[in-house]
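I have placed the structure first, in the form of C-alpha cells, so that the comments after it can refer back to it.
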Amino acid sequence: MAENKIVEVMDLKISYSDVGNGKDILILHGWGSSSNSWVEVQNNLSAKGFRVIVPDLPGFGASEEPRDPWGLKDYSGFVQEFARVIGINKFALAGHSFGGRIAIDYSARYPEDFKYLILIAAAGAIRHKKAKIGIMLIFTKIGSFIFSLPVLSFIRPTVEKIWYKISGEKDYRKASPMMKIIMQRVLDEELRSRLPNILMPTLILWGEKDVATPLSDGVMIHENVPTSYLHVFKDMPHALNLKNPHGVAEKIAEFLS
C-alpha cells in the first residue's frame, strides 16, 4: 500500500493515493468516505496494469475543507485542477455515489478532459433526498432555537441522535457546519437533463440490493446515456468498493481494455 501524497490545489492541501503504472484512472469517492476505502480496488487494478489515483475530496479524509460553500461546479473545477497539478490528461474518470454525481457534472463541463466514464452507484441523478434534506434543515434551524433554552438544552444530543437515525441521514449529522451547507447545495442541483449529452463510452456499475441509490437509478442513467453499458452485481449493496473490490476492478479493467 502506497503512502498518501500531499499536493496543493486551489489553495487547499489535498491528500491522494497514487498506485501502479499504465493507463490513468482517477476515482472520486463517496460522501463521508476517503481514498482509504478504495485501497483494494486500487491494488487489483494496478496489478492489471493501470495507474489508479484517488484523492481525498476537499472536506473528506486528510484533505482540507473548502473555505466557502461549494457546489458541484466547484468540485468539478477542483477535479480538473487536481488532474492538471499531478500531470494527467485523457484519463478514465470513475465516481462512486457522491463522486459519481461529480463525475456526471464534470463530463458535462469538460468532456474533452477524459476518454471513459465509470459511474458506480452514482448519487443524485434522481433527487430522492431533496425533500428530506430540506426537512432536516428546517429541523436544524427550529431545533437550534428550541434547544438553546436552558431547560431543554440537556436533551438536545439525545433528540438529534433519534431524529437522524429515523431520517437515515448519518452523513448529514456527522458533517461540519460548512459541509452541511455544501451537502444541501450539491444535492439541490439537477443532473438528469445532462445525461443524454454524455457521449463518451460509459460503464455503469450497480448493486442489486443498493438501498442508498436504488437500482432503478442505475437503469434510468443507462437508458439516458446513449453509449452506456450497465452491469448489476447480484445481491450486492451500495458500497461495492468494500463488498466486492475484485469484481469492481474486473469490470473496470474489462471496460478499459
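The chains in the C-alpha cells are called A, B, ... from first to last as shown; in each chain the residues are counted from 1, and the ligands are counted from 1 in the order shown.
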
So that I can check the surroundings of segment 31-37 of chain A, please list as a PDB file with C-alpha atoms, in the first residue's frame every protein, DNA and RNA residue that reaches within 10 Å of it, counting only C-alpha atoms and ignoring chain neighbours fewer than 3 positions away.
```pdb
ATOM      1  CA  ASN A   4      -0.683   9.086   0.555  1.00  0.00           C
ATOM      2  CA  SER A  15      -4.185  14.116   0.200  1.00  0.00           C
ATOM      3  CA  TYR A  16      -4.276  11.454  -2.502  1.00  0.00           C
ATOM      4  CA  SER A  17      -3.281   7.866  -3.156  1.00  0.00           C
ATOM      5  CA  ASP A  18      -1.388   7.029  -6.364  1.00  0.00           C
ATOM      6  CA  ILE A  27     -11.525   7.681  -8.876  1.00  0.00           C
ATOM      7  CA  LEU A  28     -13.811  10.024  -6.903  1.00  0.00           C
ATOM      8  CA  GLU A  40      -8.333  -2.951  -2.561  1.00  0.00           C
ATOM      9  CA  VAL A  41      -9.802  -1.731  -5.856  1.00  0.00           C
ATOM     10  CA  GLN A  42      -6.588   0.239  -6.478  1.00  0.00           C
ATOM     11  CA  ILE A  53      -5.305   7.806  -8.396  1.00  0.00           C
ATOM     12  CA  VAL A  54      -7.822   8.501  -5.620  1.00  0.00           C
ATOM     13  CA  PRO A  55      -7.856  11.953  -3.985  1.00  0.00           C
ATOM     14  CA  ASP A  56      -9.477  12.696  -0.659  1.00  0.00           C
ATOM     15  CA  LEU A  57     -12.013  15.202  -1.962  1.00  0.00           C
ATOM     16  CA  PRO A  58     -11.998  18.589  -0.193  1.00  0.00           C
ATOM     17  CA  GLY A  59     -13.749  18.218   3.146  1.00  0.00           C
ATOM     18  CA  PHE A  60     -13.037  14.490   3.443  1.00  0.00           C
ATOM     19  CA  GLY A  61     -10.239  12.217   4.644  1.00  0.00           C
ATOM     20  CA  ALA A  62      -6.971  14.090   5.179  1.00  0.00           C
ATOM     21  CA  SER A  63      -7.803  16.905   2.723  1.00  0.00           C
ATOM     22  CA  HIS A  96     -18.901   6.348  -6.649  1.00  0.00           C
ATOM     23  CA  SER A  97     -22.085   7.750  -5.088  1.00  0.00           C
ATOM     24  CA  PHE A  98     -21.350  11.475  -4.434  1.00  0.00           C
ATOM     25  CA  GLY A  99     -18.213  11.066  -6.542  1.00  0.00           C
ATOM     26  CA  ALA A 123     -25.975   9.544  -6.442  1.00  0.00           C
ATOM     27  CA  LYS A 170     -25.911   9.793   9.260  1.00  0.00           C
ATOM     28  CA  ASP A 171     -23.737  11.681   6.778  1.00  0.00           C
ATOM     29  CA  TYR A 172     -25.587  14.916   7.476  1.00  0.00           C
ATOM     30  CA  LYS A 174     -21.603  13.913  11.153  1.00  0.00           C
ATOM     31  CA  ALA A 175     -20.841  16.780   8.762  1.00  0.00           C
ATOM     32  CA  MET A 183     -24.323  18.808   1.090  1.00  0.00           C
ATOM     33  CA  ALA A 239     -20.538   0.046  -1.058  1.00  0.00           C
ATOM     34  CA  ASN A 241     -15.772  -0.938  -3.461  1.00  0.00           C
ATOM     35  CA  LEU A 242     -15.761  -2.542   0.004  1.00  0.00           C
ATOM     36  CA  PRO A 245     -13.482  -4.800  -4.815  1.00  0.00           C
TER      37      PRO A 245
END
```

Using DSSP assignments from the backbone, pull out every residue in segment 29-108 of chain A that falls under strand (DSSP E or B) and give it to me as a PyMOL selection string. chain A and resi 50-55+91-96

How would the residues just picked look written out with N, CA and C atoms as a tab-separated table (two decimals), in the first residue's frame?
```tsv
chain	number	residue	atom	x	y	z
A	50	PHE	N	-2.76	-0.80	-14.54
A	50	PHE	CA	-3.30	0.56	-14.54
A	50	PHE	C	-2.66	1.40	-13.44
A	51	ARG	N	-2.61	2.71	-13.68
A	51	ARG	CA	-2.25	3.64	-12.62
A	51	ARG	C	-3.57	4.19	-12.05
A	52	VAL	N	-3.76	4.06	-10.74
A	52	VAL	CA	-5.04	4.42	-10.12
A	52	VAL	C	-4.81	5.51	-9.07
A	53	ILE	N	-5.49	6.64	-9.26
A	53	ILE	CA	-5.30	7.81	-8.40
A	53	ILE	C	-6.64	8.11	-7.71
A	54	VAL	N	-6.60	8.20	-6.38
A	54	VAL	CA	-7.82	8.50	-5.62
A	54	VAL	C	-7.53	9.65	-4.65
A	55	PRO	N	-8.04	10.85	-4.94
A	55	PRO	CA	-7.86	11.95	-3.98
A	55	PRO	C	-8.88	11.89	-2.86
A	91	PHE	N	-7.66	10.77	-19.13
A	91	PHE	CA	-7.75	9.66	-18.19
A	91	PHE	C	-9.15	9.04	-18.23
A	92	ALA	N	-9.31	7.94	-17.52
A	92	ALA	CA	-10.63	7.37	-17.27
A	92	ALA	C	-11.11	7.92	-15.94
A	93	LEU	N	-12.33	8.44	-15.89
A	93	LEU	CA	-12.87	9.04	-14.67
A	93	LEU	C	-13.94	8.13	-14.09
A	94	ALA	N	-13.75	7.74	-12.84
A	94	ALA	CA	-14.72	6.91	-12.14
A	94	ALA	C	-15.23	7.64	-10.91
A	95	GLY	N	-16.52	7.52	-10.62
A	95	GLY	CA	-17.08	8.16	-9.44
A	95	GLY	C	-18.09	7.26	-8.76
A	96	HIS	N	-17.96	7.15	-7.44
A	96	HIS	CA	-18.90	6.35	-6.65
A	96	HIS	C	-19.81	7.25	-5.83
```

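Proximity ranking of A:Lys73, A:Lys23, A:Lys251, A:Lys115 relative to Leu191 of chain A places A:Lys73 first, based on only C-alpha atoms.
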
Any idea what the distance is between atom CA of Pro66 of chain A and atom CA of Ile14 of chain A? 10.8 Å

For Glu254 of chain A, the nearest of the candidates A:Glu208, A:Leu45, A:Val85, A:Val219, counting only C-alpha atoms: A:Leu45

Check the smallest atom-to-atom distance from each of A:Tyr110, A:Gly218, A:Tyr75, A:Leu205 to Glu250 of chain A using only C-alpha atoms, then report the winner. A:Leu205

In terms of the shortest atom-to-atom distance over only C-alpha atoms, which of A:His246, A:Asp105, A:His231, A:Leu26 is closest to Asn43 of chain A? A:His246

Residues near Leu187 of chain A, cut-off 7 Å, only C-alpha atoms, skip fewer than 2 positions along chain, as a PyMOL selection string: chain A and resi 124+130+183-185+189

Export N, CA and C atoms of the chosen residues as a short mmCIF file (atom, residue, chain, number, x, y, z; two decimals), in the first residue's frame?
```
data_model
loop_
_atom_site.label_atom_id
_atom_site.label_comp_id
_atom_site.auth_asym_id
_atom_site.auth_seq_id
_atom_site.Cartn_x
_atom_site.Cartn_y
_atom_site.Cartn_z
N GLY A 124 -27.82 10.99 -6.97
CA GLY A 124 -28.39 12.28 -7.27
C GLY A 124 -28.88 12.54 -8.68
N LYS A 130 -33.97 15.28 -1.69
CA LYS A 130 -34.08 16.73 -1.62
C LYS A 130 -35.07 17.16 -0.53
N MET A 183 -23.48 19.96 1.39
CA MET A 183 -24.32 18.81 1.09
C MET A 183 -25.66 19.25 0.52
N GLN A 184 -26.25 20.27 1.11
CA GLN A 184 -27.52 20.80 0.62
C GLN A 184 -27.36 21.34 -0.80
N ARG A 185 -26.27 22.05 -1.05
CA ARG A 185 -26.07 22.65 -2.37
C ARG A 185 -25.87 21.60 -3.46
N GLU A 189 -28.84 20.34 -6.98
CA GLU A 189 -28.60 20.58 -8.40
C GLU A 189 -29.15 19.44 -9.25
#
```

Do you know which residues are at most 9 Å from Gly49 of chain A counting only C-alpha atoms, after dropping those on the same chain fewer than 5 positions away, and could you put them as JSON, numbers by chain? {"A": [20, 21, 22, 23, 253]}

Residue with the minimum atom-to-atom distance to Leu195 of chain A, picked from A:Asn244, A:Ser107, A:Thr213, A:Asn44 with only C-alpha atoms counted, is A:Ser107
